[in-house]
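Trainee: The following block contains the structure, expressed as structure tokens.
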Amino acid sequence: MLSTMEETTYSIASSSYPTKKAIIKLLTIHLFLFLSLHVSDVGAQKQASSSSLELESCDGVFISYTLVSREKEYPHVKNASKQAWAFKAEATLTNVGDEEVQGWKMFVGFQHREILVSADGAILIDASDFPAEVGNGTTMVGSTVADLKTAIGTAGDLNQMSAKIDIVGTQFGLGVGATPMPKTITLQNDGFKCPAPTRKASTMFACCRKDPKVKAKPVTKTKYPPRRSGDLTIEYDVLQAFQNNYYVQVTIENKHPLGRLDHWNLTWEWPKGEFIYSLKGAYARRKDPSDCLYGSAGKFYGDMDFSQVATCQKKPIISDLPAERSEDEKVGKLPWCCRNGTVLPPLMDKNKAKSMFQMQVFKMPPDTDNRTAITPPMKWNIDGVINPHYQCGAPVRVDPSVFPDPSGLNAISTAVATWQIVCNITKPKPQQNRCCVSFSAFYNESAIPCNTCACGCTDTRKCNSQASPLLLPPEALLVPFANRTVKARAWAKLKHLHVPSRLPCADNCPVSINWHVNSDHKEGWTARITIFNWEDYSFDDWFTAIQLTKTFDDFEDVYSFNGTRIPGLKTIFLEGLKGLNYLAGETNGTYAKDPRVPGKQQSVLSFTKKHVKHFDITKDGFPSKVYFNGMECSLPPIRPHKSSGHKSSISVIALILTAFLTLLLI
């Protein structure tokens, strides 16, 4: 007597034209066996059987997540919310539709402060390396199986139709017997729509179908996962490969309208002991041959002169060359190199939105056995001076980059292999900004200074890092913080304001921006923006950006800067006029006793009131976000008010009017 599996297979094979129902039935049995082989307990196998039944009605991509096990970790603590638990889980994707899914992307909405230690079968595109904090969820792409083929094209081969991810990690909270599950799971490929997942005990699953309302984009057939978009991308292009070394070209490209790098430093970690023999278009910050001489490289390359090696560090720091080395025959002569580490937004200059360098990398065993065995660096990170903080994902292999043929003929050449690293801008954590904003207005005599410790505090022995900053007379914003104490105390005494015994600490920001509401009339309003540079060095090609979520459409003009609207971000992009895009550094005062003078740039912006109903200058006249050179600046939590104990400039008129009426009555 034939088994159920054999009967099903026989019935399909004996039919000349198998029905879709028969194929789905076979796939259901395959999937059940596939899941059962990787699930240890009986209860989980029942859940796998339940999800397999759901597969029969699916005609798209079936996704699932199963919590396999959970065990309490050390240290054991009484606070349940702080208790760590080791967990194992499995995520699966199965294509039961009639179209191949290239470069699948699955989002798992973790919500219990999870830290992933490994995810076999996938790469986290929004984390640099393991262990990875994914408490707000993470997106995965395939490493071993990048594409999900169809049953029709593979004769029902589940190994080509499905992908499985074995997840190991740590999660926090929830007591014994709980079943911590993600908030959601979804397929993030364009054109697919996923319902809210169905949950049954420790399993959740959903059928993601093609959205008929979405017009399918033309898909280019690729061998590897398609290139991804991001705020900043890095391409690792292997140009030549030899038995024990290879030449690689690294290209950094800024794709965010507010992204920027100044004096960039690029770091990574070599996974197998590789080292950089030579560099062109960039240089290593530390050139020390000892790591090679006394390490495995010294044993393997016994006759090599390591004094000529660019760097032997496992975690090298690479920087761009200065402009004067751009024509150097040995280290220069590369497009987009040698700009002192400046990468501008494409909005300012598309040609300066890239940076490039080349290097020769020597490999270590076992990669020396095969010239095409190349392992890219891991744990990528890039930063600048006063620029956004970027979080870079792991390198993902993509189709080789294409270049114009160096012969000049109408031909193209391709890289040996290419990996892509995607970096995205993250919001600065509290007290980790590099710029801050102060607010003032014509209707209030006090200025609201930058937040206390907005850019961090290293020494809080003589000041209070938690206290709110003291209100100031507007002219006090023009002097360094060290020279404001006397003015702040005098102003507090004049305005009857409380002064704590332990004064608040400074903002410690190298750049501050003052937003001053200048006027408010029936047809519109104006604001003045002043940028202060408190550092000794200057900023070339600086820019600032103002996000006005409510009044963006009413922006009219800016009078001594260049202004550009960015509608998608509801942001006004401001930069210096040609020849005036230079923000000088701080200088000494006229006399030795005078305070130091910051570098300044200032302009006035005008707005109408056509698009805002019930306009309120105290709320609508202030930005929701401010950026300097791509870095989001710290904003005060309050705005200047017309009341609440603050004397308005209008009150002076009221006093004069009262005095005039009194004289008339006398």
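Residues in the structure tokens are numbered from 1 in each chain, the chains being A, B, ... in the order shown, and ligands are numbered from 1 in the order shown.
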Using only C-alpha atoms, determine which residues lie at most 7 Å from region 363-376 of chain A, disregarding the query and same-chain residues fewer than 4 positions distant; provide the list as a list of chain:residue names.
Mentor: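 Non-adjacent residues within range: A:Ala241, A:Phe242, A:Gln243, A:Asn244, A:Asn245, A:Lys272, A:Gly273, A:Glu274.
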Trainee: Got time to write the residues from that selection, C-alpha atoms, as a PDB file, in the first residue's frame?
Mentor:
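Once everything was written out, this is out_21.pdb:
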ATOM      1  CA  ALA A 241      42.198  38.990  -8.452  1.00  0.00           C
ATOM      2  CA  PHE A 242      45.366  36.920  -7.951  1.00  0.00           C
ATOM      3  CA  GLN A 243      46.204  33.840  -5.934  1.00  0.00           C
ATOM      4  CA  ASN A 244      47.179  35.653  -2.733  1.00  0.00           C
ATOM      5  CA  ASN A 245      46.088  39.269  -3.287  1.00  0.00           C
ATOM      6  CA  LYS A 272      40.568  36.578   8.128  1.00  0.00           C
ATOM      7  CA  GLY A 273      43.736  38.532   8.893  1.00  0.00           C
ATOM      8  CA  GLU A 274      43.988  40.389   5.555  1.00  0.00           C
TER       9      GLU A 274
END
Trainee: Select from region 249-276 of chain A every residue with an atom at most 10 Å from any atom of region 413-425 of chain A, then for each give the shortest pair of atoms and their distance in Å to one decimal, using only C-alpha atoms, rows by chain and rising number, as JSON lines.
Mentor:
{"residue": "A:Gln249", "atom": "CA", "partner": "A:Ala415", "partner_atom": "CA", "distance": 9.4}
{"residue": "A:Val250", "atom": "CA", "partner": "A:Trp419", "partner_atom": "CA", "distance": 9.8}
{"residue": "A:Thr251", "atom": "CA", "partner": "A:Gln420", "partner_atom": "CA", "distance": 9.8}
{"residue": "A:Ile252", "atom": "CA", "partner": "A:Ile421", "partner_atom": "CA", "distance": 9.5}
{"residue": "A:Glu253", "atom": "CA", "partner": "A:Val422", "partner_atom": "CA", "distance": 9.9}
{"residue": "A:Asn254", "atom": "CA", "partner": "A:Cys423", "partner_atom": "CA", "distance": 9.6}
{"residue": "A:Lys255", "atom": "CA", "partner": "A:Asn424", "partner_atom": "CA", "distance": 9.9}
{"residue": "A:His256", "atom": "CA", "partner": "A:Ile425", "partner_atom": "CA", "distance": 8.9}
{"residue": "A:Leu258", "atom": "CA", "partner": "A:Ile425", "partner_atom": "CA", "distance": 9.7}
{"residue": "A:Gly259", "atom": "CA", "partner": "A:Ile425", "partner_atom": "CA", "distance": 7.8}
Trainee: Dump N, CA, C and O atoms for the selected residues as an mmCIF file, in the first residue's frame?
Mentor:
data_model
loop_
_atom_site.group_PDB
_atom_site.id
_atom_site.type_symbol
_atom_site.label_atom_id
_atom_site.label_comp_id
_atom_site.auth_asym_id
_atom_site.auth_seq_id
_atom_site.Cartn_x
_atom_site.Cartn_y
_atom_site.Cartn_z
ATOM 1 N N GLN A 249 38.502 48.629 -5.561
ATOM 2 C CA GLN A 249 38.137 50.046 -5.619
ATOM 3 C C GLN A 249 36.943 50.278 -4.699
ATOM 4 O O GLN A 249 35.945 49.567 -4.781
ATOM 5 N N VAL A 250 37.053 51.264 -3.825
ATOM 6 C CA VAL A 250 35.993 51.583 -2.868
ATOM 7 C C VAL A 250 35.396 52.933 -3.246
ATOM 8 O O VAL A 250 36.118 53.944 -3.328
ATOM 9 N N THR A 251 34.087 52.947 -3.493
ATOM 10 C CA THR A 251 33.401 54.180 -3.898
ATOM 11 C C THR A 251 32.333 54.526 -2.881
ATOM 12 O O THR A 251 31.444 53.716 -2.596
ATOM 13 N N ILE A 252 32.422 55.725 -2.333
ATOM 14 C CA ILE A 252 31.446 56.240 -1.369
ATOM 15 C C ILE A 252 30.543 57.224 -2.097
ATOM 16 O O ILE A 252 31.037 58.155 -2.745
ATOM 17 N N GLU A 253 29.233 57.038 -2.003
ATOM 18 C CA GLU A 253 28.305 57.928 -2.705
ATOM 19 C C GLU A 253 27.201 58.390 -1.764
ATOM 20 O O GLU A 253 26.512 57.577 -1.147
ATOM 21 N N ASN A 254 27.033 59.701 -1.663
ATOM 22 C CA ASN A 254 25.984 60.307 -0.838
ATOM 23 C C ASN A 254 24.715 60.460 -1.670
ATOM 24 O O ASN A 254 24.734 61.067 -2.738
ATOM 25 N N LYS A 255 23.605 59.930 -1.176
ATOM 26 C CA LYS A 255 22.358 59.985 -1.925
ATOM 27 C C LYS A 255 21.246 60.711 -1.170
ATOM 28 O O LYS A 255 20.117 60.780 -1.648
ATOM 29 N N HIS A 256 21.549 61.233 0.004
ATOM 30 C CA HIS A 256 20.539 61.943 0.800
ATOM 31 C C HIS A 256 20.688 63.450 0.582
ATOM 32 O O HIS A 256 21.804 63.967 0.595
ATOM 33 N N LEU A 258 20.287 65.848 2.497
ATOM 34 C CA LEU A 258 20.878 66.546 3.635
ATOM 35 C C LEU A 258 22.103 65.822 4.185
ATOM 36 O O LEU A 258 22.663 66.229 5.199
ATOM 37 N N GLY A 259 22.502 64.734 3.537
ATOM 38 C CA GLY A 259 23.669 63.987 3.999
ATOM 39 C C GLY A 259 24.957 64.700 3.626
ATOM 40 O O GLY A 259 25.032 65.428 2.636
#
Trainee: Within 6 Å of Glu575 (chain A), counting only C-alpha atoms, which residues show up once you throw out same-chain ones fewer than 6 positions away? Write them as an NGL selection string, please.
Mentor: :A and (543 or 561-562)
Trainee: Please dump the current selection as a PDB file, in the first residue's frame; keep N, CA and C atoms.
Mentor:
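Output file result08.pdb is given in full below:
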ATOM      1  N   PHE A 543      26.263  74.349   4.835  1.00  0.00           N
ATOM      2  CA  PHE A 543      24.829  74.526   4.583  1.00  0.00           C
ATOM      3  C   PHE A 543      24.055  74.294   5.871  1.00  0.00           C
ATOM      4  N   PHE A 561      21.351  84.372   1.565  1.00  0.00           N
ATOM      5  CA  PHE A 561      21.753  82.988   1.323  1.00  0.00           C
ATOM      6  C   PHE A 561      21.079  82.517   0.044  1.00  0.00           C
ATOM      7  N   ASN A 562      21.542  81.402  -0.480  1.00  0.00           N
ATOM      8  CA  ASN A 562      20.797  80.683  -1.511  1.00  0.00           C
ATOM      9  C   ASN A 562      19.814  79.746  -0.827  1.00  0.00           C
TER      10      ASN A 562
END
Trainee: When you look at Ser468 (chain A) with a cut-off of 10 Å (counting only C-alpha atoms), what residues show up, excluding the ones that are within fewer than 4 positions of it in the same chain? I need them as a ChimeraX atom specification.
Mentor: /A:449-453,464,500,503-505,636-637
Trainee: Include all heavy atoms and write out the residues we just selected as a CSV table (one decimal), in the first residue's frame.
Mentor:
chain,number,residue,atom,x,y,z
A,449,PRO,N,18.3,79.9,25.3
A,449,PRO,CA,19.6,79.4,24.8
A,449,PRO,C,19.5,77.9,24.4
A,449,PRO,O,18.5,77.2,24.6
A,449,PRO,CB,20.5,79.7,25.9
A,449,PRO,CG,19.7,79.6,27.2
A,449,PRO,CD,18.3,80.1,26.8
A,450,CYS,N,20.7,77.4,24.0
A,450,CYS,CA,20.8,76.0,23.6
A,450,CYS,C,20.6,75.1,24.9
A,450,CYS,O,20.8,75.6,26.0
A,450,CYS,CB,22.1,75.7,23.0
A,450,CYS,SG,22.4,76.3,21.4
A,451,ASN,N,20.2,73.9,24.7
A,451,ASN,CA,20.0,73.0,25.8
A,451,ASN,C,21.3,72.7,26.6
A,451,ASN,O,22.4,72.7,26.0
A,451,ASN,CB,19.4,71.7,25.4
A,451,ASN,CG,18.0,71.8,24.8
A,451,ASN,OD1,17.3,72.6,25.3
A,451,ASN,ND2,17.7,71.0,23.8
A,452,THR,N,21.1,72.5,27.9
A,452,THR,CA,22.3,72.2,28.7
A,452,THR,C,22.9,70.8,28.2
A,452,THR,O,22.2,69.9,28.0
A,452,THR,CB,21.8,72.0,30.2
A,452,THR,OG1,21.2,73.2,30.6
A,452,THR,CG2,23.0,71.7,31.1
A,453,CYS,N,24.2,70.8,28.1
A,453,CYS,CA,24.9,69.6,27.6
A,453,CYS,C,24.4,69.1,26.3
A,453,CYS,O,24.4,67.9,26.1
A,453,CYS,CB,24.9,68.5,28.7
A,453,CYS,SG,25.7,69.0,30.2
A,464,ASN,N,25.6,71.8,36.8
A,464,ASN,CA,24.5,70.9,36.8
A,464,ASN,C,24.1,70.5,35.4
A,464,ASN,O,23.6,71.3,34.7
A,464,ASN,CB,23.2,71.5,37.6
A,464,ASN,CG,22.1,70.5,37.8
A,464,ASN,OD1,22.1,69.4,37.2
A,464,ASN,ND2,21.2,70.8,38.7
A,500,PRO,N,19.5,78.8,40.1
A,500,PRO,CA,19.8,77.7,41.0
A,500,PRO,C,21.2,77.9,41.6
A,500,PRO,O,22.1,78.6,41.0
A,500,PRO,CB,19.8,76.5,40.1
A,500,PRO,CG,20.0,77.0,38.7
A,500,PRO,CD,19.4,78.4,38.7
A,503,LEU,N,24.8,76.3,38.9
A,503,LEU,CA,24.4,76.7,37.6
A,503,LEU,C,24.4,75.6,36.6
A,503,LEU,O,25.2,74.7,36.7
A,503,LEU,CB,25.3,77.9,37.1
A,503,LEU,CG,25.2,79.2,37.9
A,503,LEU,CD1,26.2,80.2,37.4
A,503,LEU,CD2,23.8,79.8,37.9
A,504,PRO,N,23.6,75.7,35.5
A,504,PRO,CA,23.6,74.7,34.5
A,504,PRO,C,24.9,74.7,33.7
A,504,PRO,O,25.5,75.7,33.6
A,504,PRO,CB,22.4,75.1,33.6
A,504,PRO,CG,22.1,76.5,33.9
A,504,PRO,CD,22.5,76.7,35.3
A,505,CYS,N,25.2,73.5,33.2
A,505,CYS,CA,26.4,73.4,32.4
A,505,CYS,C,26.2,74.0,31.0
A,505,CYS,O,25.1,74.4,30.6
A,505,CYS,CB,26.8,71.9,32.2
A,505,CYS,SG,27.2,71.0,33.7
A,636,PRO,N,15.6,73.6,21.6
A,636,PRO,CA,15.0,73.8,23.0
A,636,PRO,C,13.6,73.2,23.0
A,636,PRO,O,12.9,73.2,22.1
A,636,PRO,CB,15.0,75.3,23.1
A,636,PRO,CG,15.9,75.9,22.0
A,636,PRO,CD,15.9,74.8,20.9
A,637,PRO,N,13.2,72.7,24.2
A,637,PRO,CA,11.9,72.1,24.4
A,637,PRO,C,10.8,73.1,24.4
A,637,PRO,O,9.6,72.8,24.3
A,637,PRO,CB,12.0,71.3,25.7
A,637,PRO,CG,13.1,72.1,26.5
A,637,PRO,CD,14.0,72.6,25.5
Trainee: Excluding region 604-618 of chain A and its own-chain neighbours fewer than 2 positions away, which residues fall within 10 Å of it when counting only C-alpha atoms? Please give them as an MDAnalysis selection string.
Mentor: chainID A and resid 441 443 515:530 550:561 563 602 620:622 639:642
Trainee: Tell me which protein, DNA and RNA residues are within 8 Å of Pro598 (chain A), counting only C-alpha atoms, leaving out same-chain ones fewer than 4 positions away, and put them as an NGL selection string.
Mentor: :A and (478-480 or 532-535 or 584-587)
Trainee: Please list as a VMD selection string every residue within 9 Å of Val385 (chain A), counting only C-alpha atoms and excluding residues in the same chain fewer than 3 positions away.
Mentor: chain A and resid 261 to 264 434
Trainee: Please dump the current selection as an mmCIF file, in the first residue's frame; keep C-alpha atoms.
Mentor:
data_model
loop_
_atom_site.group_PDB
_atom_site.id
_atom_site.type_symbol
_atom_site.label_atom_id
_atom_site.label_comp_id
_atom_site.auth_asym_id
_atom_site.auth_seq_id
_atom_site.Cartn_x
_atom_site.Cartn_y
_atom_site.Cartn_z
ATOM 1 C CA LEU A 261 30.781 64.180 5.250
ATOM 2 C CA ASP A 262 33.717 66.423 6.150
ATOM 3 C CA HIS A 263 37.169 64.907 6.731
ATOM 4 C CA TRP A 264 35.623 61.436 6.562
ATOM 5 C CA ARG A 434 27.314 68.496 17.430
#
Trainee: Taking the backbone alone, and naming residues the way the document does, which bits of region 204-328 of chain A are strand (DSSP E) by DSSP, as JSON, numbers by chain?
Mentor: {"A": [204, 205, 206, 207, 208, 209, 210, 232, 233, 234, 235, 236, 237, 238, 239, 240, 241, 245, 246, 247, 248, 249, 250, 251, 252, 253, 254, 265, 266, 267, 268, 269, 275, 276, 277, 278, 279, 280, 282, 283, 284, 317, 318, 319, 320]}
Trainee: What separation in Å, quoted to one decimal, exists between CA of Lys352 (chain A) and CA of Gln547 (chain A)?
Mentor: 24.1 Å
